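Have a look at the structure below, then the notes.
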Amino acid sequence: MRLLVVEDELEIQGFLRESLIEAGYAVDVASDGGAAETLARKTAYDALIVDLGLPDQDGIDLILRLRGLGIIAPVVILSARRSVDDRVRGLEQGGDDYLTKPFALAELLARLRNLLKRNVPATAELTRLTVLDLELDLLKRRATRSGEVLHLSPQEFVLLEYLVRNAGRVVTRAMILDQVWGMRIHPDTNVVDVHIYRLRGKVDTEGREPLIKTLRGVGYVLKGH
Amino acid sequence: MSSRVTSFSTRSAAWRISLWATLAFAAGALLVFASLHQFVANDIQRRSDAWLSGEVGTLSDVAGRTPKDRLHNRVVREIAELASKEVPNRQRNDVPENDAVFFLQVSDQGTPLLWVGAGDVKPVLDAIQAGKPITDSAADVRVVGYKFPFRVISSTVNDGSRIYLGLSERDQHHVLQNLRWRFTFWWLAIVLFAALIVFLTTRNMLGHVRDITQAASTIGDSDLRQRVPTTDHQDEIGDLARTLNRMLDRIETSMHQLHTITDSLAHDMRSPLTAIRGRLEMSLSNGLPIEQADPIVAAIEELDRLCDFLNSSLDVAEAKADALRLSRTHLDLDELLHTMVDLYEPSMTEKDIHVRLKSSGQIFIFADAGLLHRTISNLLDNELKHLPASSAIQITLQQQQRNVLLRIEDDGPGFSEGIRHHLFDPGIKGATSTGRGLGLAFVHAVVHAHGGSIAATNLPRGGACISILLPLPVATSVDEPGVVLTSSTS
């Protein structure tokens, strides 16, 4: 997978490049819109990460022009702006994603994965999710572990489903709030932690292998296959 | 649309202006007519009187000089008849019988000697003798059997007899009546026409004012780029619109400057923060031992708080300048509160705080979802942080006329006296608070930016209460079905 990072702040460009390479992507970088366009014309990228505040032009104009050139790779928009531009909303509705600076790397990687997954032809919608001995029946809204039914509230089921769908990958608190509760908020209390704690109490009972792991300072991860 | 026009028409000043203008015009026209009428009536009478005194002179001359033979009566009669044909203001010459004029000669004993006129002499003689003695200046005499009075003049003949010449006021009356009828018709027509003209003109003019008002009232709520409609006329209304637009230009410019400052401040702070956070996070993922990871985790968390603080303080600053940018959508407050309570409930239960939500069902408001989420999460964070264990929170959501009322009550210690009156100022926080005291200032800013109000009180039975009143969208207001404001938010 080859990505293009368009970011003028060298510090940010640097750590984005390093962490994306570490995550297994091939990465090209550009510091302005002109360079980005030249690169995008030459190489077919799988996804783009574009900062809105470029020195030579607005990031959105760049995206729209690339779209005009027939480049349809999905874009993660990075914005240091306070208000979300209507055009960004438009792109978001069109399948792209945006992140407000500063963002968690885990979140960037998760959104990137989601966008790249969308490019793969969709397989038949799953009705059953399985991680090790944990099984989720999405139709009956029922979770079992080693065949034993876990008594979850509907909300807990949704939370577990989100973790299972991202099994093996880090999810941040902000991602959980966004995806499970549909809110982009940053409570300065431990509301998400308590939900996870409760869920863990039901899923990772005594004598079983713990599945939900806390990554301090980053978020949570449900053990992968 | 039609109901909006009606409601405008009945409330409009155009009705009042045209009513008063029409009344003044009608009264003025009536006054002018009254004086004209008086003048015409006087003139007709003056001419009648002049004719009467001329004729009576001639007739008494003839009656005196003519010898008293049989011819006498004939001569007098002829002259009298001739005279009767010269009656002024005669209009109906085709009437065969002359009932407009009479001639009467009475002896000094009071017996009638000669009578020329339609009908019987008796009632005329009675009427003349009953009234004041008539001299050579004309006077009104009412005769039984005649609808209109006579103008009568008299003269003495040499032989001691008196002659009376009478002229009916009927024709004069007809002329004046005709005048009055014509006037009434034209007066009504002109007054109605004037009323219509005045009404249409003022309504048209006030329509411009209304357009300006309507446009001005939506500006600021939604979008400062809009302008009030202008006309090409160089009149007061055109000036008003142009002045308003110039004012809006200036406001927009300063607003734009404020946004530029806050945006570049946010941008300049966020870029280095992003780099720092990224580096910290990368160093964490390299499998550090816990004792080395701990300070890094603490730094990341502090950095996130700093960032939130930056966002909120810029929002508060913008809201204080009425410049907070809202991207509004229709959202169900009831659903939002249920989700929020659902999110906070486990943390509350863990602290043995009981939360109850009482809501009367779906209530849609037109608001910025992101800001509202943060507002309610701020309020619940506050409760969670400051309430002692085993407290209870009661959240009530209900519709109040055109507003929605959200109350959050608890049975905790309430707001302390020292900060109670400055709760919504930035930097005010409780003695035990570890935050930066921006939470309630932010809530206040958001509520005001949405045109609502907020109050914080201590309940009589103890505990704190925060009430938020937010306006409902106009279109769903139940009091005015059919009145739909066409908002033109771009």
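Going through the structure tokens in order, the chains are called A, B, and so on, while each chain numbers its residues from 1 and the ligands are numbered from 1 in the order shown.
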Restrict the distance test to only C-alpha atoms, flag each residue of chain B within 6 Å of chain A, and return the flagged residues as a PyMOL selection string. chain B and resi 267+274-275+297+344+347+374
Excluding A:Leu199 and residues on its chain fewer than 5 positions from it, collect all residues at most 9 Å away from it, counting only C-alpha atoms, and give them as a PDB file with N, CA, C and O atoms, in the first residue's frame.
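Generated output (around-v2.pdb):
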```pdb
ATOM      1  N   LEU A 152     -25.015  -9.151  28.134  1.00  0.00           N
ATOM      2  CA  LEU A 152     -24.611  -7.769  27.846  1.00  0.00           C
ATOM      3  C   LEU A 152     -25.841  -6.899  27.620  1.00  0.00           C
ATOM      4  O   LEU A 152     -26.855  -7.365  27.081  1.00  0.00           O
ATOM      5  N   GLU A 156     -23.574  -2.332  25.603  1.00  0.00           N
ATOM      6  CA  GLU A 156     -22.335  -3.096  25.775  1.00  0.00           C
ATOM      7  C   GLU A 156     -22.077  -3.965  24.548  1.00  0.00           C
ATOM      8  O   GLU A 156     -20.927  -4.149  24.135  1.00  0.00           O
ATOM      9  N   PHE A 157     -23.152  -4.481  23.964  1.00  0.00           N
ATOM     10  CA  PHE A 157     -22.982  -5.304  22.764  1.00  0.00           C
ATOM     11  C   PHE A 157     -22.400  -4.468  21.620  1.00  0.00           C
ATOM     12  O   PHE A 157     -21.496  -4.899  20.916  1.00  0.00           O
ATOM     13  N   LEU A 159     -20.598  -1.792  21.855  1.00  0.00           N
ATOM     14  CA  LEU A 159     -19.209  -1.483  22.191  1.00  0.00           C
ATOM     15  C   LEU A 159     -18.311  -2.687  21.885  1.00  0.00           C
ATOM     16  O   LEU A 159     -17.253  -2.554  21.255  1.00  0.00           O
ATOM     17  N   LEU A 160     -18.767  -3.862  22.291  1.00  0.00           N
ATOM     18  CA  LEU A 160     -17.969  -5.071  22.052  1.00  0.00           C
ATOM     19  C   LEU A 160     -17.847  -5.335  20.551  1.00  0.00           C
ATOM     20  O   LEU A 160     -16.780  -5.690  20.053  1.00  0.00           O
ATOM     21  N   VAL A 194     -14.889   3.457  32.235  1.00  0.00           N
ATOM     22  CA  VAL A 194     -15.819   2.696  33.069  1.00  0.00           C
ATOM     23  C   VAL A 194     -16.639   1.737  32.217  1.00  0.00           C
ATOM     24  O   VAL A 194     -16.891   0.600  32.613  1.00  0.00           O
ATOM     25  N   ASP A 204     -14.102 -10.834  30.114  1.00  0.00           N
ATOM     26  CA  ASP A 204     -12.872 -11.471  30.604  1.00  0.00           C
ATOM     27  C   ASP A 204     -13.076 -11.951  32.034  1.00  0.00           C
ATOM     28  O   ASP A 204     -12.482 -11.423  32.974  1.00  0.00           O
ATOM     29  N   ILE A 212      -9.563  -7.977  26.268  1.00  0.00           N
ATOM     30  CA  ILE A 212      -9.529  -6.512  26.132  1.00  0.00           C
ATOM     31  C   ILE A 212      -8.331  -5.970  26.903  1.00  0.00           C
ATOM     32  O   ILE A 212      -8.228  -6.124  28.111  1.00  0.00           O
TER      33      ILE A 212
END
```
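Shell of stretch 48-50 of chain A at 9 Å, with only C-alpha atoms counted and residues fewer than 2 places along the chain excluded, is Arg2, Leu3, Leu4, Val5, Val6, Glu7, Tyr45, Asp46, Leu52, Gly53, Leu54, Gly59, Ile60, Leu62, Ile63, Ala73, Pro74, Val75, Val76, Ile77, Leu78, Ser79 and Leu112 of chain A.
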I'd like to know which of B:Ile365, B:Ala63, B:Val157, B:Ser377 is closest to B:Asp342, using only C-alpha atoms. B:Ser377
Considering only helix (DSSP H, G or I) as DSSP defines it on the backbone, what residues of stretch 334-467 of chain B qualify? List them as a ChimeraX atom specification. /B:334-350,369-386,417-420,439-449
Quick one: everything within 6 Å of stretch 455-460 of chain B, counting only C-alpha atoms, minus sequence neighbours fewer than 6 positions away in the same chain. Send it as a PDB file with N, CA and C atoms, in the first residue's frame.
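Generated file (part-v6.pdb):
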```
ATOM      1  N   GLY B 414     -24.627  22.149  46.419  1.00  0.00           N
ATOM      2  CA  GLY B 414     -24.985  23.383  45.719  1.00  0.00           C
ATOM      3  C   GLY B 414     -23.757  24.205  45.397  1.00  0.00           C
ATOM      4  N   ILE B 466     -29.275  23.814  37.325  1.00  0.00           N
ATOM      5  CA  ILE B 466     -28.921  24.602  36.140  1.00  0.00           C
ATOM      6  C   ILE B 466     -30.074  24.468  35.154  1.00  0.00           C
ATOM      7  N   SER B 467     -30.653  25.602  34.772  1.00  0.00           N
ATOM      8  CA  SER B 467     -31.752  25.574  33.799  1.00  0.00           C
ATOM      9  C   SER B 467     -31.292  26.221  32.509  1.00  0.00           C
TER      10      SER B 467
END
```
Hey, what's within 8 Å of A:Asp56 if we count only C-alpha atoms and toss same-chain stuff fewer than 2 positions away? As a tab-separated table (two decimals) with all heavy atoms, in the first residue's frame, please?
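So selection_12.tsv came out as:
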```
chain	number	residue	atom	x	y	z
A	32	ASP	N	4.03	20.80	-0.42
A	32	ASP	CA	3.06	21.77	-0.92
A	32	ASP	C	2.18	21.15	-2.00
A	32	ASP	O	2.43	20.03	-2.45
A	32	ASP	CB	3.75	23.04	-1.43
A	32	ASP	CG	4.76	22.73	-2.51
A	32	ASP	OD1	4.36	22.11	-3.53
A	32	ASP	OD2	5.94	23.09	-2.35
A	33	GLY	N	1.19	21.88	-2.41
A	33	GLY	CA	0.21	21.36	-3.34
A	33	GLY	C	0.80	21.02	-4.70
A	33	GLY	O	0.45	20.01	-5.30
A	34	GLY	N	1.71	21.87	-5.15
A	34	GLY	CA	2.30	21.66	-6.46
A	34	GLY	C	3.05	20.34	-6.52
A	34	GLY	O	2.85	19.53	-7.45
A	54	LEU	N	-1.96	24.36	3.38
A	54	LEU	CA	-0.72	24.25	2.62
A	54	LEU	C	-0.22	25.63	2.26
A	54	LEU	O	-1.01	26.57	2.14
A	54	LEU	CB	-0.96	23.42	1.35
A	54	LEU	CG	-1.37	21.96	1.61
A	54	LEU	CD1	-1.69	21.27	0.29
A	54	LEU	CD2	-0.24	21.22	2.32
A	58	ASP	N	-5.08	25.95	-0.81
A	58	ASP	CA	-5.92	25.30	0.18
A	58	ASP	C	-5.96	23.80	-0.11
A	58	ASP	O	-6.05	23.38	-1.26
A	58	ASP	CB	-7.34	25.88	0.10
A	58	ASP	CG	-8.18	25.50	1.29
A	58	ASP	OD1	-8.59	24.33	1.38
A	58	ASP	OD2	-8.41	26.38	2.13
```
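Minimum atom-to-atom distance to A:Arg67, evaluated using only C-alpha atoms, belongs to A:Glu37 out of A:Leu99, A:Gln179, A:Ala143, A:Glu37.
Between A:Leu139 and the candidates A:Leu20, A:Thr38, A:Ser153, A:Glu161, the tightest atom-to-atom separation, counting only C-alpha atoms, involves A:Glu161.
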Skipping near chain neighbours, those fewer than 5 positions away, what residues fall within 12 Å of B:Gly238 using only C-alpha atoms, listed as a ChimeraX atom specification? /B:205-206,208-209,211-212,228-233,243-245
Compile the contact shell of B:Gln105 as a VMD selection string: residues with an atom at most 12 Å away, counting only C-alpha atoms, same-chain residues fewer than 5 positions apart removed. chain B and resid 56 59 to 60 63 to 64 73 76 to 77 80 110 to 117 121 124 to 125 128 153 to 157 159 to 166
Atom CA of B:Val101 to atom CA of B:Ser168: how many Å, to one decimal? 6.1 Å
